[in-house]
Amino acid sequence: MEAHLDTSNIRKVKKQGEASISDFLDNVDDLTKAIKDIEAPEIARVRAKVKMAMAAARSAISDSAAQLRGQARIATKTADTYVRDNPWQVAGIAAVVGIALGVLLARRSD
């Protein structure tokens, strides 16, 4: 039986973060388009640098997201394997943590 994690909150935060970054990059792109008619050499150099930086940022974001997904899959698979190979140890650890939390909460309510 395979355990499924509730990833709806993670996906929501991810979408919000991606939307914010995308909005920022779109705003920068709009800015470079707005100044495209200015023929000053310095503006042209800055515009070229911004376009290169935006391309690099979009690529880095894509690469980072793929790398994080890969690392999350590895961590999940490792944890799943450990739990399946050591069920009694995991149950013991869970029991100890539960008892410790119970003691701490009981002390706070006194």
# chains A, B, ... in the order shown; residues from 1 in each chain; ligands from 1

call {"tool": "residues_around", "arguments": {"residues": "region 41-54 of chain A", "least_positions_apart": "2", "cutoff": "7 Å", "atoms": "only C-alpha atoms", "output": "ChimeraX atom specification"}}
result
/A:25,32,39,56-58

call {"tool": "write_last_selection", "arguments": {"atoms": "C-alpha atoms", "output": "PDB file, in the first residue's frame"}}
result
ATOM      1  CA  LEU A  25       9.639  39.025 -15.225  1.00  0.00           C
ATOM      2  CA  THR A  32      12.255  46.969 -21.756  1.00  0.00           C
ATOM      3  CA  GLU A  39      18.054  55.269 -29.091  1.00  0.00           C
ATOM      4  CA  ALA A  56      19.083  33.402 -17.572  1.00  0.00           C
ATOM      5  CA  ALA A  57      16.557  33.906 -14.738  1.00  0.00           C
ATOM      6  CA  ARG A  58      13.830  31.984 -16.562  1.00  0.00           C
TER       7      ARG A  58
END

call {"tool": "closest_atom_pairs", "arguments": {"of": "region 13-39 of chain A", "to": "region 65-89 of chain A", "cutoff": "12 Å", "atoms": "only C-alpha atoms", "output": "JSON lines"}}
result
{"residue": "A:Lys14", "atom": "CA", "partner": "A:Ala65", "partner_atom": "CA", "distance": 9.6}
{"residue": "A:Lys15", "atom": "CA", "partner": "A:Ala65", "partner_atom": "CA", "distance": 11.7}
{"residue": "A:Gly17", "atom": "CA", "partner": "A:Ala65", "partner_atom": "CA", "distance": 11.3}
{"residue": "A:Glu18", "atom": "CA", "partner": "A:Ala65", "partner_atom": "CA", "distance": 9.9}

call {"tool": "select_by_dssp", "arguments": {"residues": "region 2-86 of chain A", "states": "helix (DSSP H, G or I)", "output": "PyMOL selection string"}}
result
chain A and resi 8-34+41-85

call {"tool": "atom_distance", "arguments": {"atom1": "CA of Ala40 (chain A)", "atom2": "CA of Asp26 (chain A)"}}
result
23.2 Å

call {"tool": "atom_distance", "arguments": {"atom1": "CA of Val103 (chain A)", "atom2": "CA of Ala91 (chain A)"}}
result
18.3 Å

call {"tool": "decode", "arguments": {"residues": "region 54-81 of chain A", "atoms": "N, CA and C atoms", "output": "PDB file, in the first residue's frame"}}
result
ATOM      1  N   MET A  54      17.124  38.237 -17.994  1.00  0.00           N
ATOM      2  CA  MET A  54      15.793  37.623 -17.919  1.00  0.00           C
ATOM      3  C   MET A  54      15.813  36.206 -18.478  1.00  0.00           C
ATOM      4  N   ALA A  55      16.505  36.011 -19.573  1.00  0.00           N
ATOM      5  CA  ALA A  55      16.605  34.667 -20.148  1.00  0.00           C
ATOM      6  C   ALA A  55      17.308  33.729 -19.167  1.00  0.00           C
ATOM      7  N   ALA A  56      18.357  34.224 -18.551  1.00  0.00           N
ATOM      8  CA  ALA A  56      19.083  33.402 -17.572  1.00  0.00           C
ATOM      9  C   ALA A  56      18.206  33.106 -16.355  1.00  0.00           C
ATOM     10  N   ALA A  57      17.433  34.100 -15.902  1.00  0.00           N
ATOM     11  CA  ALA A  57      16.557  33.906 -14.738  1.00  0.00           C
ATOM     12  C   ALA A  57      15.477  32.872 -15.038  1.00  0.00           C
ATOM     13  N   ARG A  58      14.868  32.962 -16.205  1.00  0.00           N
ATOM     14  CA  ARG A  58      13.830  31.984 -16.562  1.00  0.00           C
ATOM     15  C   ARG A  58      14.422  30.575 -16.638  1.00  0.00           C
ATOM     16  N   SER A  59      15.601  30.458 -17.196  1.00  0.00           N
ATOM     17  CA  SER A  59      16.255  29.157 -17.287  1.00  0.00           C
ATOM     18  C   SER A  59      16.606  28.618 -15.906  1.00  0.00           C
ATOM     19  N   ALA A  60      17.141  29.490 -15.050  1.00  0.00           N
ATOM     20  CA  ALA A  60      17.513  29.069 -13.698  1.00  0.00           C
ATOM     21  C   ALA A  60      16.297  28.630 -12.901  1.00  0.00           C
ATOM     22  N   ILE A  61      15.187  29.346 -13.055  1.00  0.00           N
ATOM     23  CA  ILE A  61      13.961  28.990 -12.346  1.00  0.00           C
ATOM     24  C   ILE A  61      13.487  27.612 -12.789  1.00  0.00           C
ATOM     25  N   SER A  62      13.520  27.383 -14.069  1.00  0.00           N
ATOM     26  CA  SER A  62      13.093  26.087 -14.610  1.00  0.00           C
ATOM     27  C   SER A  62      13.999  24.968 -14.112  1.00  0.00           C
ATOM     28  N   ASP A  63      15.311  25.197 -14.141  1.00  0.00           N
ATOM     29  CA  ASP A  63      16.268  24.186 -13.677  1.00  0.00           C
ATOM     30  C   ASP A  63      16.115  23.919 -12.186  1.00  0.00           C
ATOM     31  N   SER A  64      15.917  24.981 -11.392  1.00  0.00           N
ATOM     32  CA  SER A  64      15.773  24.826  -9.944  1.00  0.00           C
ATOM     33  C   SER A  64      14.532  24.030  -9.601  1.00  0.00           C
ATOM     34  N   ALA A  65      13.441  24.320 -10.283  1.00  0.00           N
ATOM     35  CA  ALA A  65      12.198  23.602 -10.014  1.00  0.00           C
ATOM     36  C   ALA A  65      12.367  22.112 -10.324  1.00  0.00           C
ATOM     37  N   ALA A  66      13.004  21.807 -11.428  1.00  0.00           N
ATOM     38  CA  ALA A  66      13.227  20.398 -11.789  1.00  0.00           C
ATOM     39  C   ALA A  66      14.135  19.716 -10.766  1.00  0.00           C
ATOM     40  N   GLN A  67      15.158  20.410 -10.322  1.00  0.00           N
ATOM     41  CA  GLN A  67      16.080  19.842  -9.346  1.00  0.00           C
ATOM     42  C   GLN A  67      15.367  19.603  -8.011  1.00  0.00           C
ATOM     43  N   LEU A  68      14.550  20.547  -7.573  1.00  0.00           N
ATOM     44  CA  LEU A  68      13.816  20.376  -6.316  1.00  0.00           C
ATOM     45  C   LEU A  68      12.835  19.207  -6.399  1.00  0.00           C
ATOM     46  N   ARG A  69      12.162  19.072  -7.536  1.00  0.00           N
ATOM     47  CA  ARG A  69      11.244  17.936  -7.700  1.00  0.00           C
ATOM     48  C   ARG A  69      12.004  16.618  -7.606  1.00  0.00           C
ATOM     49  N   GLY A  70      13.165  16.566  -8.226  1.00  0.00           N
ATOM     50  CA  GLY A  70      13.970  15.348  -8.178  1.00  0.00           C
ATOM     51  C   GLY A  70      14.430  15.022  -6.770  1.00  0.00           C
ATOM     52  N   GLN A  71      14.874  16.041  -6.032  1.00  0.00           N
ATOM     53  CA  GLN A  71      15.318  15.820  -4.658  1.00  0.00           C
ATOM     54  C   GLN A  71      14.157  15.405  -3.758  1.00  0.00           C
ATOM     55  N   ALA A  72      12.980  15.981  -3.986  1.00  0.00           N
ATOM     56  CA  ALA A  72      11.810  15.607  -3.185  1.00  0.00           C
ATOM     57  C   ALA A  72      11.421  14.157  -3.439  1.00  0.00           C
ATOM     58  N   ARG A  73      11.503  13.739  -4.693  1.00  0.00           N
ATOM     59  CA  ARG A  73      11.193  12.336  -5.011  1.00  0.00           C
ATOM     60  C   ARG A  73      12.179  11.387  -4.333  1.00  0.00           C
ATOM     61  N   ILE A  74      13.452  11.745  -4.354  1.00  0.00           N
ATOM     62  CA  ILE A  74      14.477  10.904  -3.716  1.00  0.00           C
ATOM     63  C   ILE A  74      14.232  10.822  -2.214  1.00  0.00           C
ATOM     64  N   ALA A  75      13.952  11.966  -1.584  1.00  0.00           N
ATOM     65  CA  ALA A  75      13.711  11.982  -0.134  1.00  0.00           C
ATOM     66  C   ALA A  75      12.476  11.167   0.219  1.00  0.00           C
ATOM     67  N   THR A  76      11.433  11.303  -0.568  1.00  0.00           N
ATOM     68  CA  THR A  76      10.208  10.554  -0.321  1.00  0.00           C
ATOM     69  C   THR A  76      10.446   9.060  -0.473  1.00  0.00           C
ATOM     70  N   LYS A  77      11.163   8.684  -1.516  1.00  0.00           N
ATOM     71  CA  LYS A  77      11.450   7.264  -1.753  1.00  0.00           C
ATOM     72  C   LYS A  77      12.326   6.699  -0.628  1.00  0.00           C
ATOM     73  N   THR A  78      13.309   7.482  -0.176  1.00  0.00           N
ATOM     74  CA  THR A  78      14.186   7.045   0.902  1.00  0.00           C
ATOM     75  C   THR A  78      13.402   6.844   2.194  1.00  0.00           C
ATOM     76  N   ALA A  79      12.538   7.809   2.518  1.00  0.00           N
ATOM     77  CA  ALA A  79      11.728   7.697   3.734  1.00  0.00           C
ATOM     78  C   ALA A  79      10.785   6.505   3.641  1.00  0.00           C
ATOM     79  N   ASP A  80      10.165   6.319   2.497  1.00  0.00           N
ATOM     80  CA  ASP A  80       9.250   5.199   2.310  1.00  0.00           C
ATOM     81  C   ASP A  80       9.978   3.861   2.476  1.00  0.00           C
ATOM     82  N   THR A  81      11.150   3.768   1.889  1.00  0.00           N
ATOM     83  CA  THR A  81      11.947   2.541   2.001  1.00  0.00           C
ATOM     84  C   THR A  81      12.326   2.277   3.453  1.00  0.00           C
TER      85      THR A  81
END
